[in-house]
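Worksheet: one structure, shown below.
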Amino acid sequence: MHTARLFTTPKQALVWMLMIGALVFFLQMSFLPAVSFLGTGIILFPVLLLLVVALAGIVPAFFCLVLILIASKTVYGNGGLWLAVYLLPMTAAFATCLEMRVPFFKTAAIVLGTFIVSMLVVFIALQREAGGNLYEAIAKEAITGLENFPARDNLLYTFWRGGLLSHGQEAESQLFESTQYGGWTFKPEVIAEFYKQISARITALTASLLPGLLTSYTITTAFAGTGLAIKLATRYDTAPSLDMPPFSKWFISRSLGRRMSVLALGYLMTILTANPVFRIAGQMMYNVFFAFYAIQGMSYLNYIMKRRGTRPVFRFILLLLLFMILSPVAMILGVYDQVMDPRKLRVDENSKLPFER
């Protein structure tokens with residue numbers, strides 16, 4: 001009789017709990033923890049929890065989530081507990097699929113849908129708490145952290161000299177003034193101008209963050225992240241394989257590819273529009289197209305390297321670097337694989353991924 005994977009091995013549980021604990025401690029103690037925790041945590045934590053569930057089990061994943069939430073509450077107060085809504089549903093969905101032996105691509109689709117819904121719930125809730133402008137609230141939090149940073153003036157000076165900030169004063173204006181301890185600081189009007197520019201850039205950055213998180217990031221996490229977790233779990237015999245095919249044989253079927261082309265056309269139609277809603281919609285369509293074909297491009301490259309006898313660890317490193325640095329190249333390879341089918345995986349019109357059947 002099948003038993004729940006509450007706990008795999010003491011070694012896996014200890015390693016992952018120590019790793020998660022070290023990461024949250026580093027983020028909590030870092031410069032501008034409110035920004036660091038948000039910027040790094042929302043990207044890394046979902047992938048790490050998928051790995052913990054597959055390699056260590058449900059109980060270690062729960063304790064890792066508790067560690068994350070404790071650190072989040074320390075940084076953001078009670079509002080930091082919204083991170084549970086962001087992480088828990090996706091983690092629970094993946095754990096449930098493992099217990100029920102749901103086929104891999106259906107598991108990835110379930111994780112994807114759950115992740116998107118939980119992300120939208122968190123955004124709507126935080127948007128309401130921030131009075132309708134979450135992006136400005138994040139920028140204000142960053143400015144508050146910078147204001148309390150001991151080496152604030154040195155950091156601002158570095159940004160200014162590096163051309164990242166401008167003082168906004170006349171060319172011959174005096175920018176500095178002495179402090180009561182014999183040091184120096186920027187004049188209040190200069191600091192105000194610096195803060196204004198930093199706030200505007202953080203607001204713009206966070207405003208562009210949500211569409212990318214809802215599309216390309218969720219797709220990559222749900223498929224590539226879940227696939228990596230299953231691959232490692234199969235290697236260490238800590239979770240079922242869910243009949244996941246080798247990464248070198250992942251592909252987009254012809255029928256799904258035709259539907260994906262509609263997204264590309266939709267994006268092209270919104271390029272010249274001045275309507276911000278249409279532009280965001282077009283960007284999200286492109287992100288979906290980009291994410292799926294980038295994954296397929298990495299699968300095709302993995303196929304080529306596998307045929308040439310490249311060692312698995314080098315294949316993984318090269319694929320990771322390709323995705324992080326040259327992801328447009330991966331997308332182009334994916335489109336080439338879709339059009340030319342050099343791997344001959346689409347032997348006929350009915351060749352489909354398991355979740356399409």
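Labels for the structure tokens follow display order: chains A, B, ..., residues from 1 in each chain, ligands from 1.
Using only C-alpha atoms, the residues found no farther than 7 Å from range 44-54 of chain A, other than those of its own chain fewer than 3 positions away, are A:Trp16, A:Thr40, A:Gly41, A:Gly57, A:Ile58, A:Ala61, A:Leu87, A:Thr91, A:Ala95, A:Thr221, A:Gly225, A:Thr226, A:Ala229, A:Ile230, A:Ala233, A:Thr238, A:Ala239.
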Output for the residues just chosen: N, CA and C atoms as an mmCIF file, in the first residue's frame:
data_model
loop_
_atom_site.group_PDB
_atom_site.id
_atom_site.type_symbol
_atom_site.label_atom_id
_atom_site.label_comp_id
_atom_site.auth_asym_id
_atom_site.auth_seq_id
_atom_site.Cartn_x
_atom_site.Cartn_y
_atom_site.Cartn_z
ATOM 1 N N TRP A 16 18.594 20.517 3.172
ATOM 2 C CA TRP A 16 17.698 21.525 2.615
ATOM 3 C C TRP A 16 17.247 22.532 3.663
ATOM 4 N N THR A 40 14.811 38.764 -4.476
ATOM 5 C CA THR A 40 15.442 37.449 -4.571
ATOM 6 C C THR A 40 14.501 36.339 -4.138
ATOM 7 N N GLY A 41 13.771 36.584 -3.051
ATOM 8 C CA GLY A 41 12.937 35.542 -2.486
ATOM 9 C C GLY A 41 11.830 35.071 -3.392
ATOM 10 N N GLY A 57 10.833 15.630 1.202
ATOM 11 C CA GLY A 57 9.531 15.216 1.664
ATOM 12 C C GLY A 57 8.662 16.370 2.116
ATOM 13 N N ILE A 58 7.453 16.040 2.530
ATOM 14 C CA ILE A 58 6.454 17.050 2.867
ATOM 15 C C ILE A 58 6.792 17.770 4.175
ATOM 16 N N ALA A 61 9.640 20.233 3.869
ATOM 17 C CA ALA A 61 9.176 21.375 3.078
ATOM 18 C C ALA A 61 8.334 22.312 3.938
ATOM 19 N N LEU A 87 3.363 30.925 -1.704
ATOM 20 C CA LEU A 87 4.162 29.704 -1.793
ATOM 21 C C LEU A 87 3.398 28.423 -1.479
ATOM 22 N N THR A 91 3.193 24.672 -3.620
ATOM 23 C CA THR A 91 3.925 23.585 -2.980
ATOM 24 C C THR A 91 2.994 22.424 -2.657
ATOM 25 N N ALA A 95 3.104 18.554 -4.108
ATOM 26 C CA ALA A 95 3.165 17.416 -3.189
ATOM 27 C C ALA A 95 2.001 16.470 -3.427
ATOM 28 N N THR A 221 9.007 28.057 -13.986
ATOM 29 C CA THR A 221 9.033 27.371 -12.695
ATOM 30 C C THR A 221 8.215 26.088 -12.735
ATOM 31 N N GLY A 225 11.278 24.009 -13.511
ATOM 32 C CA GLY A 225 11.545 23.811 -12.090
ATOM 33 C C GLY A 225 11.043 22.471 -11.590
ATOM 34 N N THR A 226 9.809 22.131 -11.963
ATOM 35 C CA THR A 226 9.257 20.841 -11.573
ATOM 36 C C THR A 226 10.038 19.701 -12.223
ATOM 37 N N ALA A 229 13.224 19.168 -10.311
ATOM 38 C CA ALA A 229 12.950 18.500 -9.031
ATOM 39 C C ALA A 229 12.720 17.007 -9.230
ATOM 40 N N ILE A 230 11.937 16.643 -10.250
ATOM 41 C CA ILE A 230 11.667 15.230 -10.518
ATOM 42 C C ILE A 230 12.941 14.509 -10.970
ATOM 43 N N ALA A 233 15.052 13.977 -7.906
ATOM 44 C CA ALA A 233 14.397 13.013 -7.019
ATOM 45 C C ALA A 233 14.507 11.594 -7.574
ATOM 46 N N THR A 238 13.971 9.422 -4.312
ATOM 47 C CA THR A 238 13.180 10.013 -3.227
ATOM 48 C C THR A 238 11.746 10.336 -3.662
ATOM 49 N N ALA A 239 11.438 10.208 -4.939
ATOM 50 C CA ALA A 239 10.090 10.512 -5.432
ATOM 51 C C ALA A 239 9.877 9.781 -6.750
#
For this session: Based on DSSP run over this structure's backbone, return all residues of range 16-213 of chain A in helix (DSSP H, G or I), as an MDAnalysis selection string.
Result: chainID A and resid 16:29 33:55 58:100 104:129 134:147 152:161 188:207 209:213
For this session: Pick out the closest residue to Ile70 in chain A from this set: A:Val313, A:Ala93, A:Val24, A:Leu134. Count only C-alpha atoms.
Result: A:Val24
Problem set entry | Spatial neighbours of Met100 in chain A, 12 Å, only C-alpha atoms, chain gap at least 4 places, as JSON, numbers by chain | {"A": [2, 3, 4, 5, 93, 94, 95, 96, 104, 106, 107, 239, 240, 241, 242]}
Generate a file of the selected residues that holds C-alpha atoms, formatted as an mmCIF file, in the first residue's frame.
data_model
loop_
_atom_site.group_PDB
_atom_site.id
_atom_site.type_symbol
_atom_site.label_atom_id
_atom_site.label_comp_id
_atom_site.auth_asym_id
_atom_site.auth_seq_id
_atom_site.Cartn_x
_atom_site.Cartn_y
_atom_site.Cartn_z
ATOM 1 C CA HIS A 2 1.306 3.442 -0.921
ATOM 2 C CA THR A 3 2.405 5.604 2.013
ATOM 3 C CA ALA A 4 2.712 9.390 2.037
ATOM 4 C CA ARG A 5 6.151 10.880 1.427
ATOM 5 C CA ALA A 93 -0.289 21.105 -5.390
ATOM 6 C CA PHE A 94 3.085 19.615 -6.310
ATOM 7 C CA ALA A 95 3.165 17.416 -3.189
ATOM 8 C CA THR A 96 -0.368 16.182 -3.929
ATOM 9 C CA PHE A 104 4.435 14.818 -15.222
ATOM 10 C CA LYS A 106 -0.343 17.307 -16.059
ATOM 11 C CA THR A 107 1.472 17.919 -12.765
ATOM 12 C CA ALA A 239 10.090 10.512 -5.432
ATOM 13 C CA PRO A 240 8.342 8.856 -8.391
ATOM 14 C CA SER A 241 9.330 9.894 -11.909
ATOM 15 C CA LEU A 242 5.696 10.581 -12.927
#
Exercise. When you draw a straight line from CA of Ile252 in chain A to CA of Asp337 in chain A, how long is it in Å?
Worked result: 9.2 Å
Exercise. If we count only C-alpha atoms, what is near Leu268 in chain A at a cut-off of 12 Å, once residues fewer than 2 positions away on the same chain are taken out, given as an NGL selection string?
Worked result: :A and (261-266 or 270-273 or 278-279 or 281-286)
Exercise. Within 7 Å of Thr185 in chain A, counting only C-alpha atoms, which residues qualify if same-chain residues fewer than 2 places away don't, as number ranges by chain?
Worked result: A: 153, 176-179, 187
